[in-house]
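Next comes query.txt, with compact mmCIF, C-alpha atoms.
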# COMPACT_ATOMS: atom_id res chain seq x y z
CA MET I 1 151.30 77.73 25.62
CA THR I 2 147.89 76.94 27.08
CA TYR I 3 145.49 75.01 24.90
CA SER I 4 142.08 76.56 25.59
CA LYS I 5 139.84 74.03 23.86
CA LYS I 6 140.43 70.52 25.10
CA ILE I 7 138.87 67.66 23.17
CA THR I 8 138.80 65.65 26.37
CA GLU I 9 136.61 68.28 28.04
CA SER I 10 134.20 68.77 25.16
CA SER I 11 130.54 67.92 25.71
CA SER I 12 129.37 64.35 25.25
CA GLU I 13 127.49 63.49 22.08
CA TYR I 14 124.81 61.98 24.32
CA ASP I 15 122.53 63.70 26.82
CA ASN I 16 119.94 62.80 29.43
CA LEU I 17 121.99 59.76 30.38
CA GLU I 18 119.95 59.22 33.52
CA GLU I 19 116.88 58.62 31.37
CA MET I 20 118.48 55.81 29.34
CA SER I 21 117.79 52.16 30.02
CA VAL I 22 120.69 49.95 31.08
CA ASN I 23 120.76 48.46 27.59
CA GLU I 24 120.91 51.92 26.01
CA LEU I 25 123.74 52.95 28.32
CA LEU I 26 125.78 49.85 27.57
CA THR I 27 125.12 50.00 23.84
CA ASN I 28 126.12 53.66 23.60
CA ILE I 29 129.25 53.22 25.71
CA ASN I 30 130.26 50.31 23.49
CA ARG I 31 129.56 52.39 20.39
CA GLU I 32 131.98 55.01 21.66
CA ASP I 33 134.59 52.40 22.59
CA HIS I 34 134.67 51.23 18.98
CA LYS I 35 136.28 54.56 18.09
CA VAL I 36 139.30 53.97 20.31
CA ALA I 37 141.16 51.31 18.31
CA ALA I 38 140.87 53.39 15.12
CA ALA I 39 142.28 56.42 16.93
CA VAL I 40 145.22 54.38 18.24
CA GLU I 41 145.86 52.92 14.79
CA LYS I 42 146.49 56.41 13.46
CA CYS I 43 149.20 56.84 16.09
CA ILE I 44 151.28 53.82 15.03
CA PRO I 45 153.92 55.99 13.26
CA GLN I 46 154.28 58.10 16.41
CA ILE I 47 154.57 55.01 18.62
CA GLU I 48 157.03 53.37 16.22
CA ALA I 49 159.35 56.38 16.21
CA PHE I 50 159.52 56.39 19.99
CA VAL I 51 159.87 52.62 20.44
CA GLU I 52 162.78 52.41 18.02
CA LYS I 53 164.75 55.09 19.90
CA ALA I 54 163.75 53.71 23.31
CA LEU I 55 164.86 50.23 22.31
CA ASP I 56 168.28 51.54 21.29
CA ARG I 57 168.75 53.02 24.75
CA MET I 58 167.40 50.04 26.63
CA GLU I 59 169.73 47.71 24.75
CA MET I 60 172.53 49.78 26.29
CA GLY I 61 171.11 49.39 29.79
CA GLY I 62 168.59 52.21 29.86
CA ARG I 63 165.22 52.06 31.57
CA LEU I 64 161.66 53.03 30.70
CA PHE I 65 159.77 55.35 33.04
CA TYR I 66 156.06 56.11 32.96
CA ILE I 67 154.90 59.16 34.88
CA GLY I 68 151.34 60.39 35.35
CA ALA I 69 148.57 61.37 37.73
CA GLY I 70 145.16 59.90 38.49
CA THR I 71 143.89 57.34 36.00
CA SER I 72 146.84 58.01 33.69
CA GLY I 73 149.36 57.41 36.45
CA ARG I 74 147.62 54.23 37.55
CA LEU I 75 147.69 52.85 34.02
CA GLY I 76 151.44 53.45 33.84
CA VAL I 77 152.04 51.76 37.19
CA VAL I 78 149.95 48.76 36.12
CA ASP I 79 151.80 48.33 32.82
CA ALA I 80 155.19 48.64 34.53
CA SER I 81 154.24 46.18 37.27
CA GLU I 82 153.22 43.56 34.71
CA CYS I 83 156.57 43.53 32.88
CA PRO I 84 158.58 41.50 35.46
CA PRO I 85 156.13 38.58 35.73
CA THR I 86 155.37 38.57 32.00
CA PHE I 87 158.87 39.01 30.60
CA GLY I 88 161.18 38.10 33.48
CA VAL I 89 162.88 41.52 33.66
CA ASP I 90 163.96 43.15 36.90
CA HIS I 91 161.44 45.45 38.57
CA GLY I 92 163.65 48.47 37.93
CA ILE I 93 163.67 48.15 34.14
CA VAL I 94 160.17 49.53 33.57
CA VAL I 95 159.09 51.91 36.32
CA GLY I 96 155.69 53.50 36.90
CA ILE I 97 155.57 56.73 38.91
CA MET I 98 152.42 58.62 39.83
CA ALA I 99 151.63 61.88 41.56
CA GLY I 100 151.01 61.31 45.24
CA GLY I 101 153.05 58.11 45.42
CA ASP I 102 151.90 54.54 45.84
CA SER I 103 149.04 55.49 48.17
CA ALA I 104 147.45 57.39 45.27
CA MET I 105 146.91 54.09 43.45
CA ARG I 106 143.87 53.48 45.66
CA LYS I 107 142.90 56.90 46.91
CA ALA I 108 143.33 60.25 45.19
CA VAL I 109 145.87 62.59 46.80
CA GLU I 110 144.50 66.12 46.56
CA PHE I 111 146.48 68.60 44.44
CA ALA I 112 149.42 66.17 44.00
CA GLU I 113 149.27 66.66 40.25
CA ASP I 114 149.57 70.46 40.48
CA ASP I 115 153.25 70.60 41.52
CA THR I 116 155.47 71.31 38.51
CA GLU I 117 158.67 70.23 40.29
CA GLN I 118 157.60 67.05 42.09
CA GLY I 119 157.57 64.84 39.01
CA TRP I 120 161.24 65.50 38.35
CA LYS I 121 162.07 65.02 42.03
CA ASP I 122 160.35 61.62 41.88
CA LEU I 123 162.33 60.65 38.79
CA LYS I 124 165.61 61.71 40.39
CA GLU I 125 164.94 59.33 43.29
CA HIS I 126 165.57 56.57 40.73
CA ASN I 127 168.92 58.08 39.69
CA ILE I 128 167.62 58.73 36.18
CA THR I 129 170.26 59.20 33.46
CA ASP I 130 170.41 60.14 29.80
CA LEU I 131 170.23 56.44 28.87
CA ASP I 132 166.69 56.31 30.22
CA CYS I 133 163.35 57.16 28.59
CA VAL I 134 160.35 58.96 30.12
CA VAL I 135 156.75 58.69 28.92
CA GLY I 136 154.44 61.32 30.37
CA ILE I 137 150.83 60.16 30.52
CA ALA I 138 148.01 62.69 30.81
CA ALA I 139 144.73 62.52 28.93
CA SER I 140 144.28 66.29 29.13
CA GLY I 141 147.91 67.07 28.37
CA SER I 142 147.81 69.85 30.95
CA THR I 143 148.91 68.12 34.18
CA PRO I 144 151.69 70.26 35.76
CA TYR I 145 153.28 67.26 37.53
CA VAL I 146 153.78 65.50 34.19
CA ILE I 147 154.68 68.54 32.09
CA GLY I 148 157.33 69.63 34.60
CA ALA I 149 158.88 66.17 34.61
CA ILE I 150 159.06 66.10 30.81
CA GLN I 151 160.59 69.59 30.65
CA HIS I 152 163.32 68.66 33.15
CA ALA I 153 163.97 65.38 31.34
CA ASN I 154 164.42 67.26 28.07
CA LYS I 155 166.97 69.57 29.70
CA ASN I 156 168.93 66.51 30.80
CA ASP I 157 169.03 64.91 27.32
CA ILE I 158 166.60 62.16 28.33
CA LEU I 159 164.38 60.71 25.59
CA THR I 160 160.81 61.84 26.22
CA ALA I 161 157.39 60.87 24.89
CA CYS I 162 153.84 61.46 25.99
CA ILE I 163 150.41 59.92 25.62
CA THR I 164 147.68 62.55 25.55
CA CYS I 165 144.32 62.83 23.85
CA ASN I 166 144.68 66.56 23.21
CA PRO I 167 147.13 66.93 20.30
CA GLU I 168 147.88 70.65 20.81
CA SER I 169 148.24 70.47 24.57
CA ASP I 170 151.25 71.73 26.51
CA LEU I 171 152.40 68.17 27.14
CA ALA I 172 152.28 67.29 23.44
CA VAL I 173 154.28 70.42 22.63
CA HIS I 174 157.04 69.66 25.15
CA ALA I 175 157.49 65.90 24.65
CA LYS I 176 159.98 64.92 21.95
CA HIS I 177 157.68 62.11 20.82
CA PRO I 178 154.03 63.09 21.29
CA ILE I 179 151.57 60.21 20.90
CA THR I 180 148.12 61.73 20.52
CA PRO I 181 145.11 59.45 19.96
CA ILE I 182 142.07 61.61 19.24
CA VAL I 183 139.16 59.67 20.70
CA GLY I 184 136.67 62.55 20.82
CA PRO I 185 134.30 63.53 23.65
CA GLU I 186 133.74 61.05 26.45
CA PHE I 187 130.35 59.39 26.96
CA VAL I 188 130.18 61.13 30.34
CA THR I 189 131.59 64.59 29.63
CA GLY I 190 135.19 64.87 30.85
CA SER I 191 135.38 61.31 32.25
CA THR I 192 138.74 60.45 30.74
CA ARG I 193 138.88 57.12 32.58
CA MET I 194 136.71 55.91 29.70
CA LYS I 195 137.83 56.26 26.04
CA SER I 196 140.97 58.24 26.81
CA GLY I 197 142.05 55.75 29.45
CA THR I 198 141.37 52.84 27.10
CA ALA I 199 143.49 54.45 24.40
CA GLN I 200 146.32 55.02 26.86
CA LYS I 201 146.17 51.41 28.03
CA LEU I 202 146.33 50.12 24.44
CA ILE I 203 149.34 52.30 23.67
CA LEU I 204 151.15 51.30 26.86
CA ASN I 205 150.61 47.66 25.89
CA MET I 206 152.10 48.36 22.48
CA ILE I 207 155.13 50.21 23.85
CA SER I 208 156.13 47.73 26.55
CA THR I 209 155.36 44.58 24.55
CA SER I 210 157.22 45.68 21.42
CA ILE I 211 160.23 46.77 23.49
CA MET I 212 160.32 43.49 25.41
CA ILE I 213 160.12 41.52 22.17
CA GLY I 214 162.94 43.67 20.82
CA LEU I 215 165.00 42.87 23.92
CA GLY I 216 164.59 39.15 23.20
CA LYS I 217 162.10 38.38 25.98
CA VAL I 218 159.76 36.44 23.66
CA LYS I 219 160.57 33.40 21.55
CA GLY I 220 158.20 32.67 18.70
CA ASN I 221 155.05 33.91 20.38
CA ARG I 222 155.74 32.62 23.89
CA MET I 223 156.72 34.29 27.16
CA VAL I 224 159.77 32.10 27.69
CA ASP I 225 161.16 34.26 30.53
CA MET I 226 157.94 34.67 32.51
CA GLN I 227 158.08 34.29 36.28
CA LEU I 228 156.60 31.07 37.67
CA SER I 229 154.53 32.84 40.30
CA ASN I 230 151.51 30.51 40.49
CA ASN I 231 150.36 27.02 39.52
CA LYS I 232 148.66 28.25 36.34
CA LEU I 233 151.93 29.70 35.06
CA VAL I 234 153.87 26.58 36.04
CA ASP I 235 151.40 24.55 34.02
CA ARG I 236 151.64 26.92 31.07
CA GLY I 237 155.42 26.88 31.24
CA THR I 238 155.49 23.09 31.44
CA LYS I 239 153.46 22.83 28.25
CA MET I 240 155.84 25.26 26.55
CA VAL I 241 158.80 23.10 27.56
CA MET I 242 156.99 20.02 26.25
CA LYS I 243 156.52 21.71 22.89
CA GLU I 244 160.14 22.87 22.76
CA THR I 245 161.73 19.58 23.84
CA GLY I 246 159.31 16.76 23.07
CA LEU I 247 159.53 15.54 26.68
CA ASP I 248 156.47 14.37 28.60
CA TYR I 249 154.62 16.54 31.12
CA GLU I 250 156.37 15.35 34.29
CA ALA I 251 159.87 15.54 32.82
CA SER I 252 159.15 18.99 31.41
CA LYS I 253 157.79 20.24 34.72
CA ALA I 254 160.82 18.93 36.59
CA LEU I 255 163.15 20.73 34.19
CA LEU I 256 161.12 23.94 34.45
CA LEU I 257 161.18 23.96 38.24
CA GLU I 258 164.89 23.14 38.30
CA PHE I 259 165.97 25.92 35.94
CA GLY I 260 163.28 28.50 36.71
CA SER I 261 162.25 29.54 33.21
CA VAL I 262 161.01 28.03 29.97
CA ARG I 263 164.06 29.33 28.11
CA LYS I 264 166.60 27.81 30.51
CA ALA I 265 164.68 24.56 30.82
CA ALA I 266 164.63 24.11 27.03
CA GLU I 267 168.32 25.02 26.72
CA ASN I 268 169.26 22.45 29.37
CA ALA I 269 166.99 19.62 28.23
CA PRO I 270 168.64 16.31 27.40
CA LYS I 271 169.33 15.96 23.72

Take the structure in the file and give it back as structure tokens.
Amino acid sequence: MTYSKKITESSSEYDNLEEMSVNELLTNINREDHKVAAAVEKCIPQIEAFVEKALDRMEMGGRLFYIGAGTSGRLGVVDASECPPTFGVDHGIVVGIMAGGDSAMRKAVEFAEDDTEQGWKDLKEHNITDLDCVVGIAASGSTPYVIGAIQHANKNDILTACITCNPESDLAVHAKHPITPIVGPEFVTGSTRMKSGTAQKLILNMISTSIMIGLGKVKGNRMVDMQLSNNKLVDRGTKMVMKETGLDYEASKALLLEFGSVRKAAENAPK
């Protein structure tokens, strides 16, 4: 099907933007942003249904793939890239793929999103299997690169979901778990990097964080498996070890650096 009326393309509720003062622009953008969290809240049942099934597969060794184009693709790549340092998982556990490849992160690759077969080809490069999960991200819900990938994934018994702000779009129809925050028209008509992108980012946070917690990568409320990639994180980890063990700062830091993670340092602390 082709959804002729896209919410994401509907005309802004504001006009004559160039005549607004800076304060008016900022105030009105913020007013629109307030609508995003409420729209995402309505999607919690949709997100929950997907996360529960995704977690089952990932507990058996499956992986989570995000695939998108433009802003949507970049958001998926960012969320995936933050999982290893935050939760200590391997880089191949959560994978972000975008139309046009890594170079498209910084500079748009013309027409990359219009190929219905390339998305699946990109997924196959990662030896995708039916234990894996694929989330297609497209604000419009009409991106051929993403829709094609989801259709092929479905044919191969791969769990699929999507994040789109057009609930009756082709992408929402094809994904097994459509997640469809309705944020309304953008402040600048059609600029889905704004409210739509914010909604997608919030949902990606929810998906990856809840899955990682489910996989045991958080203890209490702390990132006990985080990578110690800079001095700030070493300091944070040291303070976590102090709280877990009752040791002083220097002893905690020495343990942390020896064992490489808060979890292992606490497990190996002297009793």

| Taking into account all atoms listed in the file, which residue in the set I:Thr129, I:Ser21, I:Thr192, I:Ser210 is nearest to Lys155 of chain I? | I:Thr129

| request: May I ask for the distance between atom CA of Ala138 of chain I and atom CA of Val51 of chain I, given in Å to one decimal place? | output: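 Straight-line distance from atom CA of Ala138 of chain I to atom CA of Val51 of chain I works out to 18.7 Å.
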
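Counting only C-alpha atoms and comparing I:Ile97, I:Gly68, I:Ala80, I:Ser191, the residue that lies closest to Gly136 of chain I is I:Gly68.
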
Just want the 10 Å neighbourhood of His152 of chain I, counted on only C-alpha atoms, with same-chain residues fewer than 5 positions away dropped. Output as an mmCIF file with C-alpha atoms, in the coordinates of the input.
data_model
loop_
_atom_site.group_PDB
_atom_site.id
_atom_site.type_symbol
_atom_site.label_atom_id
_atom_site.label_comp_id
_atom_site.auth_asym_id
_atom_site.auth_seq_id
_atom_site.Cartn_x
_atom_site.Cartn_y
_atom_site.Cartn_z
ATOM 1 C CA THR I 116 155.470 71.310 38.510
ATOM 2 C CA GLU I 117 158.670 70.230 40.290
ATOM 3 C CA GLY I 119 157.570 64.840 39.010
ATOM 4 C CA TRP I 120 161.240 65.500 38.350
ATOM 5 C CA LYS I 121 162.070 65.020 42.030
ATOM 6 C CA LEU I 123 162.330 60.650 38.790
ATOM 7 C CA ILE I 147 154.680 68.540 32.090
ATOM 8 C CA ASP I 157 169.030 64.910 27.320
ATOM 9 C CA ILE I 158 166.600 62.160 28.330
#

| message | Here is a test: counting all atoms listed in the file, which residue of I:Glu19, I:Lys42, I:Lys201, I:Ala149 is nearest to Val77 of chain I? | response | I:Lys201

| query | Hey, which of I:Ala265, I:Val146, I:Leu256, I:Val95 ends up closest to Asp114 of chain I? Count all atoms listed in the file. | reply |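 So, comparing all the options, the nearest one is I:Val146.
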